[in-house]
Protein chains: 2
Amino acid sequence: MSACRISFEPGEREVVVPEGTDLFSAAIAAGVRLYSSCASEGVCGRCRVIVRQGKVATEPTGRLTNEERRAGYVLACRTTVQGDVQVEVPPESRMEWEQILTEEAKITRLAGLFSQAEEVEKGIELEGRELFTYSPLSTKLFLRLPTPTLSDNISDLERLYREVRRHRKIPLMQTGLANVRKLGRLLRESNWEVTVTLGQRNGTTEVVLIEPGDTSRRNYGVFLDIGTTTVVASLVDLDSRRVLGTKATHNPQSGYGEDVITRIIYAEKEEGLEKLHHAVVDTINEMISALAMVNGISLNEVTAAVGAGNMTMAHLLLRVDPSYIRRNPYVPTANFMPVIRAAEAGIKINPRGLLACLPGVSSFVGGDITAGVLASGIDEAERPAMLIDLGTNGEIVLGNREWLVCCSASAGPAFEGSGVRCGVRAMQGAIQKVEIDPQTCEVWWAAIGGARPVGVCGSGYIDVLAELFKAGVIDRQGMIRTGISSPRVREGDEGSEFVLVWAAHSVTGRDITVAQTDIENLIRSKGAIYAAAKVLVEKMGMSFDEIDKIYIGGGFGNYLNIGKAIWIGLLPDLPLDRFEFIGNSSLSGARMALLSHEALVKAHEIAERMTNLELCAEPAYMREYVGALFLPHTDADLFPSVMQNLERMSPCPARSL
Amino acid sequence: MSACRISFEPGEREVVVPEGTDLFSAAIAAGVRLYSSCASEGVCGRCRVIVRQGKVATEPTGRLTNEERRAGYVLACRTTVQGDVQVEVPPESRMEWEQILTEEAKITRLAGLFSQAEEVEKGIELEGRELFTYSPLSTKLFLRLPTPTLSDNISDLERLYREVRRHRKIPLMQTGLANVRKLGRLLRESNWEVTVTLGQRNGTTEVVLIEPGDTSRRNYGVFLDIGTTTVVASLVDLDSRRVLGTKATHNPQSGYGEDVITRIIYAEKEEGLEKLHHAVVDTINEMISALAMVNGISLNEVTAAVGAGNMTMAHLLLRVDPSYIRRNPYVPTANFMPVIRAAEAGIKINPRGLLACLPGVSSFVGGDITAGVLASGIDEAERPAMLIDLGTNGEIVLGNREWLVCCSASAGPAFEGSGVRCGVRAMQGAIQKVEIDPQTCEVWWAAIGGARPVGVCGSGYIDVLAELFKAGVIDRQGMIRTGISSPRVREGDEGSEFVLVWAAHSVTGRDITVAQTDIENLIRSKGAIYAAAKVLVEKMGMSFDEIDKIYIGGGFGNYLNIGKAIWIGLLPDLPLDRFEFIGNSSLSGARMALLSHEALVKAHEIAERMTNLELCAEPAYMREYVGALFLPHTDADLFPSVMQNLERMSPCPARSL
């Protein structure tokens, strides 16, 4: 078998692989990241590339139009090389991690942790809510030990502990043999001036590191949001409390499966778990390393990491078999993962640095949701509040300071810009706002960063669905009406479609469209979430009216139009001021748990307090779900303001048909 | 350089080594153990062997008599091979570890731990002293977990913890990632029936192991006394509480130095620490392995080990640099060693099994002494009691339930049968009892096991010194009187000597003698210990009279003649019923700490409570020491009963001179 030289443009990446290798594997080997969400099964059609030169063998696929095939488009995963090949990766297939937007919740609980140390020490309350004390997962403490004398010759370790306890109240302190082994010489060579790193570890305080001299100002931590589709990492200076930088990227595990279920199935294959584990860990390491480098920080100075992710992500991060998550009765291996050395999970920070994961509640309500509750503070609300996290799974928490219930609905990845034809994450060039003129069917759109559009992200799709509905382009069942006299409404390869952006204006050079199947996906997604929320509320003998506040979390970048989410029946029909969009609350919760051990303890309490409702065991759920597959809902009475507005609206050309 | 075949007899051991190799190294390579206490410097003269055939180069040495040299004796460490060589190892040079006797203390506290579980659970008190609860360092617990259902689908780990907590009250429970990783599959493959091993670790309870099925009856532990000269290991069934076997051997570190100071100096050489560490660990592993094999136990079933040793031994066991122990102000690295995985110290039991070391107090009062206090129970005595541990260092503890003080005196290894010409450990063939007829100077002796004598052990030397003194062979300064008309008193190579056993009766085929230098060594040893005890008592403003009980510990096999120890001024002149010989109290304490976590906690309290007195900072000590270099003491008033007896005794031929 001969070796083939494969080059990828743009970026001038090159790799030599054996003849017969598929282009997707070659891309990975060359460090080029392609979208994929079907584990290279040729199903998702996301890994399209253009063969510019060279001989390949490619399988037939319905995912490419004839025109595309003529232009050289192939699916990388279904194409094997038969010689040297030059490949062009079109923008829509390229995963570029610098561009994803991340926005954390602007919330009181979190804000407090970033106020000046002095204020916090005074116990200042922000907006009436008591703050968590600043007490990171790992702190450094500079110690000047008294030199031993004949009348004070306790052992080195006891001397160290004694001095630590002069500064901190620590009942249970421990350290590893590695530190004991180097202690004697270290103390004497550093003239009895050392810095200890104290880590909070499973109910005890561990002396994680002992370093010569005063390095107490050089202590850094990382907090992570490990989502099914997106991974976000932030580096924080644990001395000054400043966030030094944030990076986000697509979770490369997507290549092995779009949603958690497909990934679990992949994990069950030989070496599957290892591959998924390394995929996400390598990505996290890349991000941490890049963040550290830019800020002139050595990885040895990073002593703590906190991660929040759903249950499957947490299992894969720690290389724990997730098989049983997907099997009735849906049991994860551990909701509460022990605090471990980050190195045990392959995370490259200081080799003795710690890694904590936010605890979860059940197989489908994970640490990201606990983080969301922590960040939103509904666990201490006086009146009932709700958290809706819109992701590939939609998780919902309802409760107050006395009780907390939660559930998870499989919503599909549409709101994360996946599983829909032109979907992209909330990144540079993603359309996030859309308005459609009911009279002309003309479209006004706004893409993130003011860039030329690449595709549509979750918040864009909510707008699209609402606007198509308002404009009468689709009916209450979501069907594109026939006979609308606009060139934007047309028949495409896969049925009716609506052209959002003409090819001339898009980065890809192709029309950005919304297909009938996309609309159906979006309606299923919104229906699943609304139904879940309704079942949860009714299970508690309540109605939506009684909910004081609804927090919306999810990876929507910095924008979500609540009004339009109500229009499509995704959110209940309540006054807008009852909603608060808190962005990536998983990331915010992870940050809080990193910065305050009290917050991490609180997260444990929250996870313990939350009662999980398995929707699959609720007969009401399927009924509610079916009812929600309309716009806004089968039962129009549930959305009085939407129906009122619909009636008030002047007839548009579409509707007048 | 050519290869030489070296054979050792008896035992038919053979090894091939390069020309120029010394015989000591060749013996080690062949698995033959020779005595040595000078780190192969040719000083101690213990490694004598007989070259039967072959060419060697040997250095001149004063450690061999001309007669011995003619018979082929050489010092193995000072003799290099120049071709194939046949070596005979005489009995006195051979270390044979099966023969050392070990006797534990027969004490209430310990006895309780071995009574039936039911009795202990009823809280029975033995002889009025409350017992420790049976709660070993590691326990196994068989669990039948309820199978998860949709209404009870907490995570696997929480299910396990919940079930453990139904049996045990455990506030802080943790487990390692390795266990989490295998948990899901293990629980299901074992049909939800598993055995957990719970370990007591630094204030938390660790789930050390999770095994399928019910293995709760197969749980074993090891307790160790790691002495400077002797290492003892016992295997105990943690289910039935039975001790299954005990092995003892000479600490092979002796090859690198007789006492702790020489070993610390050796540890400072390149690779020195590693060599000392491996020497003792390999020996411990051999013993554990042999004990396990004999009892049909797999090493994986041994889940816990507890060791007691002096501070230097503890450091070397854990491969912690002991350098600073010997340097003013005498600071060990750690008095309280963390509970670690035994594997971290190289101890071969279950790879996740735990190792705890009894805590020490100072550089020269180590875990063996804490163990002794624990075993003797003087920490709970109402009236002042004393513990004297006679070893290479003599450690003394004085106190009661309210206070504890301790000190350590460098006594030299004479009472361990070392550093004296014909000294041996308390092993098969060691003379442990001696009587000398004052009229005839004839000697009656008894060797351990009724065997032909090999040499004299510590208790034998105490008898020898007392009897020589009583018989008038030596005067109050310890000088062998001149002109005694007995063939047993003669001039030897190194001055005057007394023949205890004629060559015809000894195993070695040589006379067993006590030299003038031996007597001087013994007097220095006893003087150091008596002076230390006196300084400690007077420091507390007391006199010996006020001490209610004196416990004597040490490696004396099963015999120590208290009366004769008083005769030579080693022990204070008190009524005999105030003394109790408790044997190897270090081993007993280690056993208690293994069998009862309460006892281990108590050991920590004891170590924390003990106030250490540095004798080198006590001006009174040197004065007392010099005063004690007489028999029984310079100040005869301190030993009224001895002086009275001396006066009453009829003149013997020796004294009549």
# chains A, B, ... in the order shown; residues from 1 in each chain; ligands from 1
>>> residues_around(residues="segment 340-357 of chain A", least_positions_apart="6", cutoff="7 Å", atoms="only C-alpha atoms", output="list in words")
Val208, Val281, Asn285, Leu299, Asn300, Glu301, Val302, Thr303, Ala304, Ala305, Val306, Gly307, Ala308, Leu317 and Leu318 of chain A
>>> interface_residues(of="chain A", to="chain B", cutoff="9 Å", atoms="only C-alpha atoms", output="NGL selection string")
:A and (148-158 or 172-177 or 180-185 or 202-204 or 315 or 318-324 or 328-340 or 344-345 or 361-363 or 613-614 or 617)
>>> write_last_selection(atoms="C-alpha atoms", output="PDB file, in the first residue's frame")
ATOM      1  CA  PRO A 148      13.801  24.816  64.487  1.00  0.00           C
ATOM      2  CA  THR A 149      15.721  24.955  67.741  1.00  0.00           C
ATOM      3  CA  LEU A 150      16.400  22.375  70.422  1.00  0.00           C
ATOM      4  CA  SER A 151      13.438  23.707  72.357  1.00  0.00           C
ATOM      5  CA  ASP A 152      11.197  23.752  69.280  1.00  0.00           C
ATOM      6  CA  ASN A 153      12.185  20.738  67.237  1.00  0.00           C
ATOM      7  CA  ILE A 154       8.853  19.358  66.111  1.00  0.00           C
ATOM      8  CA  SER A 155       9.019  17.636  62.752  1.00  0.00           C
ATOM      9  CA  ASP A 156       9.080  19.519  59.481  1.00  0.00           C
ATOM     10  CA  LEU A 157       5.589  18.468  58.499  1.00  0.00           C
ATOM     11  CA  GLU A 158       4.092  19.404  61.874  1.00  0.00           C
ATOM     12  CA  LEU A 172      -8.536  17.863  58.697  1.00  0.00           C
ATOM     13  CA  MET A 173      -5.274  18.414  56.845  1.00  0.00           C
ATOM     14  CA  GLN A 174      -3.372  15.874  54.792  1.00  0.00           C
ATOM     15  CA  THR A 175      -0.638  15.618  52.218  1.00  0.00           C
ATOM     16  CA  GLY A 176       0.766  12.991  49.895  1.00  0.00           C
ATOM     17  CA  LEU A 177       3.949  11.027  50.347  1.00  0.00           C
ATOM     18  CA  VAL A 180       6.706  14.501  52.504  1.00  0.00           C
ATOM     19  CA  ARG A 181       9.639  13.018  50.616  1.00  0.00           C
ATOM     20  CA  LYS A 182      10.920  16.348  49.400  1.00  0.00           C
ATOM     21  CA  LEU A 183       9.967  18.392  52.445  1.00  0.00           C
ATOM     22  CA  GLY A 184      13.129  18.295  54.552  1.00  0.00           C
ATOM     23  CA  ARG A 185      15.487  19.526  51.889  1.00  0.00           C
ATOM     24  CA  ASN A 202     -13.447  15.557  49.510  1.00  0.00           C
ATOM     25  CA  GLY A 203     -13.966  17.023  52.950  1.00  0.00           C
ATOM     26  CA  THR A 204     -10.331  17.490  53.817  1.00  0.00           C
ATOM     27  CA  HIS A 315     -18.297  10.496  32.543  1.00  0.00           C
ATOM     28  CA  LEU A 318     -13.103  11.206  33.580  1.00  0.00           C
ATOM     29  CA  ARG A 319     -13.075   8.169  31.283  1.00  0.00           C
ATOM     30  CA  VAL A 320     -15.873   6.507  33.206  1.00  0.00           C
ATOM     31  CA  ASP A 321     -18.042   4.097  31.215  1.00  0.00           C
ATOM     32  CA  PRO A 322     -21.323   5.930  30.426  1.00  0.00           C
ATOM     33  CA  SER A 323     -23.159   2.825  29.096  1.00  0.00           C
ATOM     34  CA  TYR A 324     -25.816   2.624  31.761  1.00  0.00           C
ATOM     35  CA  ASN A 328     -33.503   1.852  31.491  1.00  0.00           C
ATOM     36  CA  PRO A 329     -33.570   2.729  34.435  1.00  0.00           C
ATOM     37  CA  TYR A 330     -30.988   5.346  33.375  1.00  0.00           C
ATOM     38  CA  VAL A 331     -28.353   5.116  36.063  1.00  0.00           C
ATOM     39  CA  PRO A 332     -25.099   7.076  35.879  1.00  0.00           C
ATOM     40  CA  THR A 333     -22.015   5.646  37.528  1.00  0.00           C
ATOM     41  CA  ALA A 334     -21.600   8.647  39.799  1.00  0.00           C
ATOM     42  CA  ASN A 335     -23.528  11.851  40.310  1.00  0.00           C
ATOM     43  CA  PHE A 336     -20.904  13.059  42.725  1.00  0.00           C
ATOM     44  CA  MET A 337     -17.478  12.574  41.224  1.00  0.00           C
ATOM     45  CA  PRO A 338     -14.618  12.709  43.705  1.00  0.00           C
ATOM     46  CA  VAL A 339     -12.214  15.622  43.533  1.00  0.00           C
ATOM     47  CA  ILE A 340      -9.190  14.074  41.838  1.00  0.00           C
ATOM     48  CA  GLU A 344      -5.779  11.456  36.506  1.00  0.00           C
ATOM     49  CA  ALA A 345      -8.226  12.655  33.874  1.00  0.00           C
ATOM     50  CA  VAL A 361     -28.779  14.665  39.807  1.00  0.00           C
ATOM     51  CA  SER A 362     -29.532  11.920  37.318  1.00  0.00           C
ATOM     52  CA  SER A 363     -28.489  10.529  33.968  1.00  0.00           C
ATOM     53  CA  LEU A 613     -38.693  13.360  37.481  1.00  0.00           C
ATOM     54  CA  GLU A 614     -38.225  10.762  34.746  1.00  0.00           C
ATOM     55  CA  ALA A 617     -42.324   7.361  33.353  1.00  0.00           C
TER      56      ALA A 617
END
>>> residues_around(residues="Tyr621 of chain B", least_positions_apart="2", cutoff="7 Å", atoms="only C-alpha atoms", output="list in words")
Ala531, Ala532, Val535, Leu615, Glu618, Pro619, Arg623, Glu624 and Tyr625 of chain B
>>> atom_distance(atom1="atom CA of Ser506 of chain B", atom2="atom CA of Ala411 of chain B")
28.4 Å
>>> residues_around(residues="His633 of chain A", least_positions_apart="2", cutoff="12 Å", atoms="only C-alpha atoms", output="JSON, numbers by chain")
{"A": [475, 476, 477, 478, 523, 524, 526, 527, 528, 530, 531, 566, 567, 568, 569, 570, 571, 572, 573, 624, 625, 626, 627, 628, 629, 630, 631, 635, 636, 637, 638, 639, 640, 642, 643]}
>>> write_last_selection(atoms="N, CA and C atoms", output="JSON list (two decimals), in the first residue's frame")
[["chain", "number", "residue", "atom", "x", "y", "z"],
["A", 475, "ASP", "N", -47.95, 27.71, 8.57],
["A", 475, "ASP", "CA", -49.22, 27.69, 9.31],
["A", 475, "ASP", "C", -48.98, 27.17, 10.72],
["A", 476, "ARG", "N", -50.09, 26.99, 11.47],
["A", 476, "ARG", "CA", -49.93, 26.60, 12.87],
["A", 476, "ARG", "C", -49.35, 25.20, 13.02],
["A", 477, "GLN", "N", -49.40, 24.42, 11.95],
["A", 477, "GLN", "CA", -48.75, 23.10, 12.00],
["A", 477, "GLN", "C", -47.28, 23.16, 11.58],
["A", 478, "GLY", "N", -46.87, 24.39, 11.15],
["A", 478, "GLY", "CA", -45.49, 24.54, 10.74],
["A", 478, "GLY", "C", -45.28, 24.23, 9.26],
["A", 523, "ILE", "N", -39.86, 22.58, 15.64],
["A", 523, "ILE", "CA", -41.12, 22.46, 16.37],
["A", 523, "ILE", "C", -41.06, 21.29, 17.36],
["A", 524, "ARG", "N", -40.43, 20.20, 16.94],
["A", 524, "ARG", "CA", -40.28, 19.09, 17.88],
["A", 524, "ARG", "C", -39.44, 19.51, 19.09],
["A", 526, "LYS", "N", -38.98, 22.60, 20.32],
["A", 526, "LYS", "CA", -39.68, 23.54, 21.22],
["A", 526, "LYS", "C", -40.81, 22.83, 21.95],
["A", 527, "GLY", "N", -41.45, 21.90, 21.25],
["A", 527, "GLY", "CA", -42.55, 21.15, 21.86],
["A", 527, "GLY", "C", -42.07, 20.31, 23.03],
["A", 528, "ALA", "N", -40.94, 19.67, 22.85],
["A", 528, "ALA", "CA", -40.39, 18.82, 23.91],
["A", 528, "ALA", "C", -40.11, 19.63, 25.17],
["A", 530, "TYR", "N", -41.35, 22.74, 26.04],
["A", 530, "TYR", "CA", -42.57, 23.31, 26.65],
["A", 530, "TYR", "C", -43.33, 22.23, 27.41],
["A", 531, "ALA", "N", -43.47, 21.06, 26.78],
["A", 531, "ALA", "CA", -44.21, 19.97, 27.41],
["A", 531, "ALA", "C", -43.57, 19.56, 28.73],
["A", 566, "ILE", "N", -41.77, 32.96, 23.01],
["A", 566, "ILE", "CA", -43.17, 32.75, 23.43],
["A", 566, "ILE", "C", -44.06, 32.56, 22.20],
["A", 567, "TRP", "N", -43.79, 33.38, 21.16],
["A", 567, "TRP", "CA", -44.57, 33.29, 19.92],
["A", 567, "TRP", "C", -44.61, 31.86, 19.37],
["A", 568, "ILE", "N", -43.49, 31.17, 19.43],
["A", 568, "ILE", "CA", -43.48, 29.82, 18.87],
["A", 568, "ILE", "C", -43.91, 28.77, 19.89],
["A", 569, "GLY", "N", -44.20, 29.23, 21.12],
["A", 569, "GLY", "CA", -44.66, 28.28, 22.12],
["A", 569, "GLY", "C", -43.54, 27.50, 22.77],
["A", 570, "LEU", "N", -42.35, 28.05, 22.70],
["A", 570, "LEU", "CA", -41.22, 27.41, 23.39],
["A", 570, "LEU", "C", -41.29, 27.74, 24.88],
["A", 571, "LEU", "N", -41.57, 29.03, 25.16],
["A", 571, "LEU", "CA", -41.69, 29.47, 26.54],
["A", 571, "LEU", "C", -43.15, 29.78, 26.83],
["A", 572, "PRO", "N", -43.57, 29.64, 28.08],
["A", 572, "PRO", "CA", -44.98, 29.91, 28.42],
["A", 572, "PRO", "C", -45.31, 31.39, 28.25],
["A", 573, "ASP", "N", -46.58, 31.65, 28.07],
["A", 573, "ASP", "CA", -47.05, 33.01, 27.78],
["A", 573, "ASP", "C", -47.20, 33.81, 29.07],
["A", 624, "GLU", "N", -48.74, 15.88, 26.44],
["A", 624, "GLU", "CA", -48.37, 17.30, 26.39],
["A", 624, "GLU", "C", -47.48, 17.58, 25.19],
["A", 625, "TYR", "N", -46.59, 16.65, 24.92],
["A", 625, "TYR", "CA", -45.65, 16.83, 23.80],
["A", 625, "TYR", "C", -46.41, 16.93, 22.48],
["A", 626, "VAL", "N", -47.34, 16.02, 22.28],
["A", 626, "VAL", "CA", -48.13, 16.04, 21.04],
["A", 626, "VAL", "C", -48.90, 17.36, 20.94],
["A", 627, "GLY", "N", -49.45, 17.79, 22.06],
["A", 627, "GLY", "CA", -50.21, 19.05, 22.07],
["A", 627, "GLY", "C", -49.33, 20.24, 21.73],
["A", 628, "ALA", "N", -48.05, 20.14, 22.00],
["A", 628, "ALA", "CA", -47.13, 21.28, 21.80],
["A", 628, "ALA", "C", -46.55, 21.29, 20.40],
["A", 629, "LEU", "N", -46.94, 20.34, 19.54],
["A", 629, "LEU", "CA", -46.37, 20.31, 18.19],
["A", 629, "LEU", "C", -47.11, 21.25, 17.23],
["A", 630, "PHE", "N", -47.73, 22.25, 17.79],
["A", 630, "PHE", "CA", -48.39, 23.29, 17.00],
["A", 630, "PHE", "C", -47.73, 24.63, 17.35],
["A", 631, "LEU", "N", -48.07, 25.63, 16.52],
["A", 631, "LEU", "CA", -47.58, 26.98, 16.81],
["A", 631, "LEU", "C", -48.76, 27.84, 17.25],
["A", 635, "ASP", "N", -53.60, 23.95, 22.16],
["A", 635, "ASP", "CA", -54.55, 24.67, 23.01],
["A", 635, "ASP", "C", -54.20, 26.15, 23.00],
["A", 636, "ALA", "N", -54.89, 26.89, 22.12],
["A", 636, "ALA", "CA", -54.58, 28.31, 21.93],
["A", 636, "ALA", "C", -54.77, 29.10, 23.20],
["A", 637, "ASP", "N", -55.63, 28.61, 24.10],
["A", 637, "ASP", "CA", -55.89, 29.34, 25.34],
["A", 637, "ASP", "C", -54.65, 29.48, 26.21],
["A", 638, "LEU", "N", -53.70, 28.60, 25.98],
["A", 638, "LEU", "CA", -52.47, 28.68, 26.78],
["A", 638, "LEU", "C", -51.61, 29.87, 26.36],
["A", 639, "PHE", "N", -51.83, 30.39, 25.18],
["A", 639, "PHE", "CA", -51.02, 31.52, 24.67],
["A", 639, "PHE", "C", -51.92, 32.68, 24.25],
["A", 640, "PRO", "N", -52.65, 33.25, 25.21],
["A", 640, "PRO", "CA", -53.62, 34.31, 24.88],
["A", 640, "PRO", "C", -52.98, 35.51, 24.20],
["A", 642, "VAL", "N", -50.30, 35.68, 22.37],
["A", 642, "VAL", "CA", -49.89, 35.37, 21.00],
["A", 642, "VAL", "C", -51.12, 35.38, 20.08],
["A", 643, "MET", "N", -52.19, 34.73, 20.54],
["A", 643, "MET", "CA", -53.38, 34.63, 19.71],
["A", 643, "MET", "C", -53.99, 36.02, 19.46]]
>>> residues_around(residues="Thr228 of chain B", least_positions_apart="2", cutoff="7 Å", atoms="only C-alpha atoms", output="PDB file with N, CA and C atoms, in the first residue's frame")
ATOM      1  N   ILE B 226       9.560  -2.702  62.879  1.00  0.00           N
ATOM      2  CA  ILE B 226      10.750  -2.475  62.067  1.00  0.00           C
ATOM      3  C   ILE B 226      11.831  -1.900  62.963  1.00  0.00           C
ATOM      4  N   THR B 230      16.289  -5.772  64.032  1.00  0.00           N
ATOM      5  CA  THR B 230      15.404  -6.893  63.737  1.00  0.00           C
ATOM      6  C   THR B 230      14.095  -6.392  63.145  1.00  0.00           C
ATOM      7  N   ASN B 251      17.416  -6.973  60.342  1.00  0.00           N
ATOM      8  CA  ASN B 251      17.241  -5.895  59.382  1.00  0.00           C
ATOM      9  C   ASN B 251      18.475  -5.857  58.479  1.00  0.00           C
ATOM     10  N   ASP B 259      23.983   1.247  63.651  1.00  0.00           N
ATOM     11  CA  ASP B 259      22.960   2.024  64.348  1.00  0.00           C
ATOM     12  C   ASP B 259      22.344   3.053  63.390  1.00  0.00           C
ATOM     13  N   VAL B 260      21.364   3.754  63.898  1.00  0.00           N
ATOM     14  CA  VAL B 260      20.619   4.656  63.009  1.00  0.00           C
ATOM     15  C   VAL B 260      21.516   5.771  62.458  1.00  0.00           C
ATOM     16  N   MET B 313      13.836   4.419  61.044  1.00  0.00           N
ATOM     17  CA  MET B 313      13.253   3.264  60.336  1.00  0.00           C
ATOM     18  C   MET B 313      12.001   3.688  59.562  1.00  0.00           C
TER      19      MET B 313
END
>>> residues_around(residues="segment 55-70 of chain B", least_positions_apart="3", cutoff="9 Å", atoms="only C-alpha atoms", output="list of chain:residue names")
B:Gly20, B:Gly42, B:Val43, B:Cys44, B:Gly45, B:Arg46, B:Arg48, B:Ile50, B:Val51, B:Tyr73, B:Val74, B:Leu75, B:Ala76, B:Arg78, B:Thr79, B:Thr80, B:Val81, B:Gln82, B:Gly83, B:Asp84, B:Val85, B:Asp493
>>> atom_distance(atom1="atom CA of Ile582 of chain B", atom2="atom CA of Ser254 of chain B")
25.3 Å
>>> atom_distance(atom1="atom CA of Glu402 of chain B", atom2="atom CA of Glu605 of chain B")
12.1 Å
>>> closest_residue(among="A:Arg490, A:Met311, A:Ile264, A:Leu244", to="Asn295 of chain A", atoms="only C-alpha atoms")
A:Leu244
